[in-house]
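J.: The structure under discussion is supplied below as structure tokens; questions concerning it will follow.
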There are 2 protein chains.
Amino acid sequence: LEPTEQALVDGIRARRPRALARAITLVESTRHDHQLRATRVLDALLAHTGHSIRVGITGSPGAGKSTFIEALGLYLIAQGHRVAVLAVDPTSSRSGGSILGDKTRMQRLAQASNTFIRPSPSGGALGGVAEKTREAMLFCEAAGFDVMLVETVGVGQSETAVAGMVDVFVLLQMPHAGDDLQAIKRGIIELADLVVITKADIDPKAAELAQQQFAGALSMLRSVSPCWRTPVLAVSALASLRDAARLECSGTGTGSTTRLAAGAGIDEFWASIERYREVTTAAGELQAKRQRQAVEWMWTLIDSGLRSRFRHHPKVQHDLESVSRAVAAGSLTPAAAACRLLGHLE
Amino acid sequence: LEPTEQALVDGIRARRPRALARAITLVESTRHDHQLRATRVLDALLAHTGHSIRVGITGSPGAGKSTFIEALGLYLIAQGHRVAVLAVDPTSSRSGGSILGDKTRMQRLAQASNTFIRPSPSGGALGGVAEKTREAMLFCEAAGFDVMLVETVGVGQSETAVAGMVDVFVLLQMPHAGDDLQAIKRGIIELADLVVITKADIDPKAAELAQQQFAGALSMLRSVSPCWRTPVLAVSALASLRDAARLECSGTGTGSTTRLAAGAGIDEFWASIERYREVTTAAGELQAKRQRQAVEWMWTLIDSGLRSRFRHHPKVQHDLESVSRAVAAGSLTPAAAACRLLGHLE
């Protein structure tokens, strides 16, 4: 028995996890009628969206994303926040799995209250995956979550997609020079509003060195925002988790968790995020960024829709393969080919 | 009096510079009838295209592109090659000028026989500029030029556009660490099949250091081709030009020019280009690259054509502004907006 649209709207507003999960499943469905229902539910909720801080988190495999997100999530819950974790993983459709798997990666966070963890939807191209994540984010906001953590692996265009849907984009980086270069090389550092050197407890000297190197590199790059310079922090998420666990066992409670976690850098990290929000909000940049992101995403969807209609046009379908072959063989110029295929639309 | 299409075809095949220049002017025109004529001329010449080696050259302003291209061009002419120099400069439409200006930048090369220098067309978006350069390249090939040097400044997406139309892409780099980082950061190094440290004569030690740094950085990046690792060469184009000038004055002639220029690295550079062509041709990679480039360019033109038709659709024109405003304001989701606008096409 499927819940009515109104039941979903009410359930999400009442912060019921099941209603939220169902609405996201609906929006992830490829069935047209499901899409229509999801759109109507979302429209009814739209006035209640937009009130969270949207944080994108990227890093190569092994950079410690799961540990960082779990430590950050537990820290935020202790502070009274409600935290949703979403994932964009373009590889999950291939591997059949998901980077968030069956929530075994973040067991303690998954068991905590005031959290919602949603693995990456399987199937679909990147555009599709990222599209669902956008809608999922809006549903989560309507359900009263005030912190969105959108995680992505450093594969393909997923970082650009995630950077295009969040307020602040964070790059996690292990303290190794080779890894640094990868992020610089792949242009990811340009997207980052914040850089975090992870696993700072394992080799504090290496972490400090990496921090300096990154800060040096960043000082030579032009800043995207006139009011924000990307800071480089060192964090030990594992130390933060250990402290939290110790306190839980000894029953010392929430307040001290925060105090101890301070040493691991999680609180300094979150203070940076809040400072980012304050500064860019005051300058009007954050609102402008969200408006720009929404319009850009509309155009991405329009382009992909136009391409799909074009490919499905009977005359184009009939002609495309032979024209493509002629272009590859050099017997037809790309311009002439484009002209001929576009002519079929008339 | 405009020449007939057949006169242009014959003139280009007879290697007359004027016919070549006129055909390129025709293809650069925005008038529809000019476009049609240019397309017919190109179609008639298509069988005579594709026989050159297409070399893309990029570098920041000040990296020494003009001097390098002039030295290389003179060297190649001395070797019996026929050299065409084309430019892609997305800034020229704004400044009203062109990076090749009135050919004053490469005076000696411009005066040499067996060369054709074509400044960047003014006006038009990047897509347009790059499109004309592609067609211009084909006309030059039909006119018997066997080396294409396609120059671009390091601005916006011009490097990607040029890398997408040449066989081998060369990055010119001054011997300064900050500059190195820029190229690495902007992802340009990933496009490069060859890196040249310029102005090696000014500070040989700095050049050697830059060469080592770049080689080190490249060794950590994954190679695009299984059969080619991007080499880093040091060249002094100015020394090469000085040598050539001295020999011209003393009347020693061509052979010695080559010998002396050797010390400046130009001959080593060209040997690398030829090795690249041999290796990638033997592996079948070069042909595959050209086929891929042509098909990708066809899709770029199709996408831009679809977008343009969409924007000019009466119903879309009528609705686009208010829908965009609603999306920016957050009262309409990008997905719903795209759906509504695409619906106008039905």
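Lettering and numbering for the structure tokens are positional, with chains as A, B, ... in the shown order, residues counted from 1 in each chain, and ligands counted from 1 in the shown order.
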Dump as an NGL selection string the residues of chain A that approach chain B to within 7 Å, counting only C-alpha atoms.

T.: :A and (46 or 178 or 184-187 or 291-292 or 294-295 or 297-298 or 301-303 or 306-307 or 324 or 327-329 or 331 or 334-335 or 337-338 or 342)

J.: Just how far from atom CA of A:Phe169 is atom CA of A:Phe269, in Å to one decimal?

T.: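 We find that atom CA of A:Phe269 and atom CA of A:Phe169 lie 12.5 Å from each other.
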
J.: For stretch 199-205 of chain B, work out the shell of residues within 9 Å, counting only C-alpha atoms and skipping chain neighbours fewer than 2 positions away, then give it as a list in words.

T.: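 Contacts, in chain order: Ala63, Gly64, Gln173, Met174, Pro175, Ile197, Ala207, Glu208, Leu209, Ala210, Ala234, Val235, Ser236, Ala237, Leu238, Ala239 and Ala264 of chain B.
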
J.: Could you write out the selected residues, including N, CA and C atoms, as a PDB file, in the first residue's frame?

T.:
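So the final result, stored in result.pdb, reads:
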ATOM      1  N   ALA B  63      54.975  33.728 -21.667  1.00  0.00           N
ATOM      2  CA  ALA B  63      55.705  32.463 -21.716  1.00  0.00           C
ATOM      3  C   ALA B  63      56.595  32.378 -22.954  1.00  0.00           C
ATOM      4  N   GLY B  64      56.417  33.313 -23.872  1.00  0.00           N
ATOM      5  CA  GLY B  64      57.285  33.343 -25.051  1.00  0.00           C
ATOM      6  C   GLY B  64      56.727  32.603 -26.251  1.00  0.00           C
ATOM      7  N   GLN B 173      56.224  26.924 -20.895  1.00  0.00           N
ATOM      8  CA  GLN B 173      56.261  27.239 -19.485  1.00  0.00           C
ATOM      9  C   GLN B 173      57.523  28.019 -19.155  1.00  0.00           C
ATOM     10  N   MET B 174      57.374  29.147 -18.514  1.00  0.00           N
ATOM     11  CA  MET B 174      58.558  29.872 -18.050  1.00  0.00           C
ATOM     12  C   MET B 174      59.160  29.196 -16.837  1.00  0.00           C
ATOM     13  N   PRO B 175      60.448  29.345 -16.638  1.00  0.00           N
ATOM     14  CA  PRO B 175      61.078  28.676 -15.486  1.00  0.00           C
ATOM     15  C   PRO B 175      60.806  29.380 -14.170  1.00  0.00           C
ATOM     16  N   ILE B 197      60.128  24.131 -21.423  1.00  0.00           N
ATOM     17  CA  ILE B 197      60.559  25.231 -20.564  1.00  0.00           C
ATOM     18  C   ILE B 197      61.233  26.259 -21.484  1.00  0.00           C
ATOM     19  N   ALA B 207      66.054  27.095 -15.483  1.00  0.00           N
ATOM     20  CA  ALA B 207      65.389  26.273 -16.493  1.00  0.00           C
ATOM     21  C   ALA B 207      65.551  24.795 -16.172  1.00  0.00           C
ATOM     22  N   GLU B 208      66.764  24.428 -15.750  1.00  0.00           N
ATOM     23  CA  GLU B 208      67.023  23.022 -15.437  1.00  0.00           C
ATOM     24  C   GLU B 208      66.189  22.588 -14.239  1.00  0.00           C
ATOM     25  N   LEU B 209      66.119  23.468 -13.260  1.00  0.00           N
ATOM     26  CA  LEU B 209      65.332  23.175 -12.060  1.00  0.00           C
ATOM     27  C   LEU B 209      63.860  22.997 -12.425  1.00  0.00           C
ATOM     28  N   ALA B 210      63.337  23.929 -13.242  1.00  0.00           N
ATOM     29  CA  ALA B 210      61.932  23.858 -13.659  1.00  0.00           C
ATOM     30  C   ALA B 210      61.677  22.556 -14.418  1.00  0.00           C
ATOM     31  N   ALA B 234      63.896  21.795 -22.562  1.00  0.00           N
ATOM     32  CA  ALA B 234      64.256  23.197 -22.350  1.00  0.00           C
ATOM     33  C   ALA B 234      64.674  23.783 -23.691  1.00  0.00           C
ATOM     34  N   VAL B 235      64.105  24.923 -24.047  1.00  0.00           N
ATOM     35  CA  VAL B 235      64.365  25.533 -25.351  1.00  0.00           C
ATOM     36  C   VAL B 235      64.678  27.015 -25.165  1.00  0.00           C
ATOM     37  N   SER B 236      65.626  27.518 -25.935  1.00  0.00           N
ATOM     38  CA  SER B 236      65.815  28.952 -25.993  1.00  0.00           C
ATOM     39  C   SER B 236      65.509  29.422 -27.397  1.00  0.00           C
ATOM     40  N   ALA B 237      64.290  29.860 -27.596  1.00  0.00           N
ATOM     41  CA  ALA B 237      63.854  30.270 -28.928  1.00  0.00           C
ATOM     42  C   ALA B 237      64.610  31.512 -29.381  1.00  0.00           C
ATOM     43  N   LEU B 238      64.906  32.376 -28.443  1.00  0.00           N
ATOM     44  CA  LEU B 238      65.592  33.614 -28.773  1.00  0.00           C
ATOM     45  C   LEU B 238      67.001  33.321 -29.286  1.00  0.00           C
ATOM     46  N   ALA B 239      67.699  32.413 -28.619  1.00  0.00           N
ATOM     47  CA  ALA B 239      69.039  32.025 -29.061  1.00  0.00           C
ATOM     48  C   ALA B 239      68.967  31.432 -30.462  1.00  0.00           C
ATOM     49  N   ALA B 264      69.902  25.392 -29.185  1.00  0.00           N
ATOM     50  CA  ALA B 264      68.804  26.099 -28.545  1.00  0.00           C
ATOM     51  C   ALA B 264      67.617  25.183 -28.248  1.00  0.00           C
TER      52      ALA B 264
END

J.: Using only C-alpha atoms for the distances, tell me which of A:Val162, A:Val41, A:Ala7, A:Leu74 is nearest to A:Ala245.

T.: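 Of all the options, A:Leu74 lies closest to A:Ala245.
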
J.: What gap, in Å, lies between atom CA of B:Phe145 and atom CA of B:Met165?

T.: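 Between these atoms lies a distance of 16.3 Å.
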
J.: Between atom CA of B:Asp243 and atom CA of B:Lys65, what is the distance, to one decimal in Å?

T.: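 Between atom CA of B:Asp243 and atom CA of B:Lys65 the gap works out to 18.4 Å.
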
J.: Which residue out of B:Ser308, B:Ala192, B:Arg16, B:Ile53 has the minimum interatomic distance to B:Glu278 when only C-alpha atoms are used?

T.: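 For B:Glu278, the nearest of the given residues is B:Ile53.
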
J.: What's around stretch 147-153 of chain B at 7 Å? Count only C-alpha atoms, leave out sequence neighbours fewer than 5 positions away in its own chain, and write the answer as a PyMOL selection string.

T.: chain B and resi 52-61+81-89+158-159

J.: Any chance you could export the current selection's N, CA and C atoms as a short mmCIF file (atom, residue, chain, number, x, y, z; two decimals), in the first residue's frame?

T.:
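Saved file again.cif follows:
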data_model
loop_
_atom_site.label_atom_id
_atom_site.label_comp_id
_atom_site.auth_asym_id
_atom_site.auth_seq_id
_atom_site.Cartn_x
_atom_site.Cartn_y
_atom_site.Cartn_z
N SER B 52 48.50 16.83 -42.65
CA SER B 52 49.51 17.59 -41.90
C SER B 52 49.67 17.02 -40.49
N ILE B 53 50.69 17.51 -39.80
CA ILE B 53 50.76 17.26 -38.37
C ILE B 53 50.24 18.51 -37.68
N ARG B 54 49.25 18.32 -36.83
CA ARG B 54 48.57 19.43 -36.18
C ARG B 54 49.11 19.60 -34.75
N VAL B 55 49.76 20.74 -34.53
CA VAL B 55 50.42 20.99 -33.25
C VAL B 55 49.73 22.15 -32.52
N GLY B 56 49.21 21.91 -31.36
CA GLY B 56 48.62 22.96 -30.54
C GLY B 56 49.66 23.50 -29.58
N ILE B 57 49.71 24.81 -29.42
CA ILE B 57 50.70 25.43 -28.54
C ILE B 57 50.01 26.39 -27.58
N THR B 58 50.20 26.17 -26.29
CA THR B 58 49.62 27.08 -25.31
C THR B 58 50.67 27.54 -24.30
N GLY B 59 50.33 28.55 -23.55
CA GLY B 59 51.23 29.09 -22.55
C GLY B 59 50.68 30.42 -22.07
N SER B 60 50.97 30.77 -20.84
CA SER B 60 50.48 32.04 -20.29
C SER B 60 51.09 33.19 -21.08
N PRO B 61 50.45 34.37 -21.02
CA PRO B 61 51.07 35.55 -21.62
C PRO B 61 52.46 35.74 -20.99
N HIS B 81 59.62 22.30 -44.83
CA HIS B 81 58.20 22.20 -44.52
C HIS B 81 57.45 23.44 -44.96
N ARG B 82 56.12 23.32 -45.08
CA ARG B 82 55.26 24.47 -45.31
C ARG B 82 54.40 24.63 -44.06
N VAL B 83 54.44 25.81 -43.47
CA VAL B 83 53.92 26.01 -42.11
C VAL B 83 52.76 27.00 -42.07
N ALA B 84 51.63 26.56 -41.51
CA ALA B 84 50.51 27.47 -41.29
C ALA B 84 50.38 27.74 -39.79
N VAL B 85 50.21 29.02 -39.44
CA VAL B 85 50.05 29.40 -38.03
C VAL B 85 48.64 29.97 -37.85
N LEU B 86 47.86 29.33 -36.99
CA LEU B 86 46.50 29.80 -36.71
C LEU B 86 46.39 30.12 -35.23
N ALA B 87 45.48 31.00 -34.89
CA ALA B 87 45.35 31.39 -33.49
C ALA B 87 43.93 31.26 -33.00
N VAL B 88 43.77 30.78 -31.78
CA VAL B 88 42.48 30.78 -31.11
C VAL B 88 42.64 31.66 -29.89
N ASP B 89 41.95 32.77 -29.89
CA ASP B 89 42.09 33.71 -28.78
C ASP B 89 40.71 34.22 -28.37
N SER B 158 39.82 27.88 -23.93
CA SER B 158 40.45 27.83 -25.25
C SER B 158 41.44 26.68 -25.37
N GLU B 159 42.13 26.36 -24.27
CA GLU B 159 43.09 25.26 -24.35
C GLU B 159 42.40 23.93 -24.61
#

J.: Write out as a list in words which residues come within 6 Å of stretch 25-29 of chain A when counting only C-alpha atoms, dropping same-chain ones fewer than 5 positions away.

T.: His34, Gln35, Ala38 and Lys132 of chain A
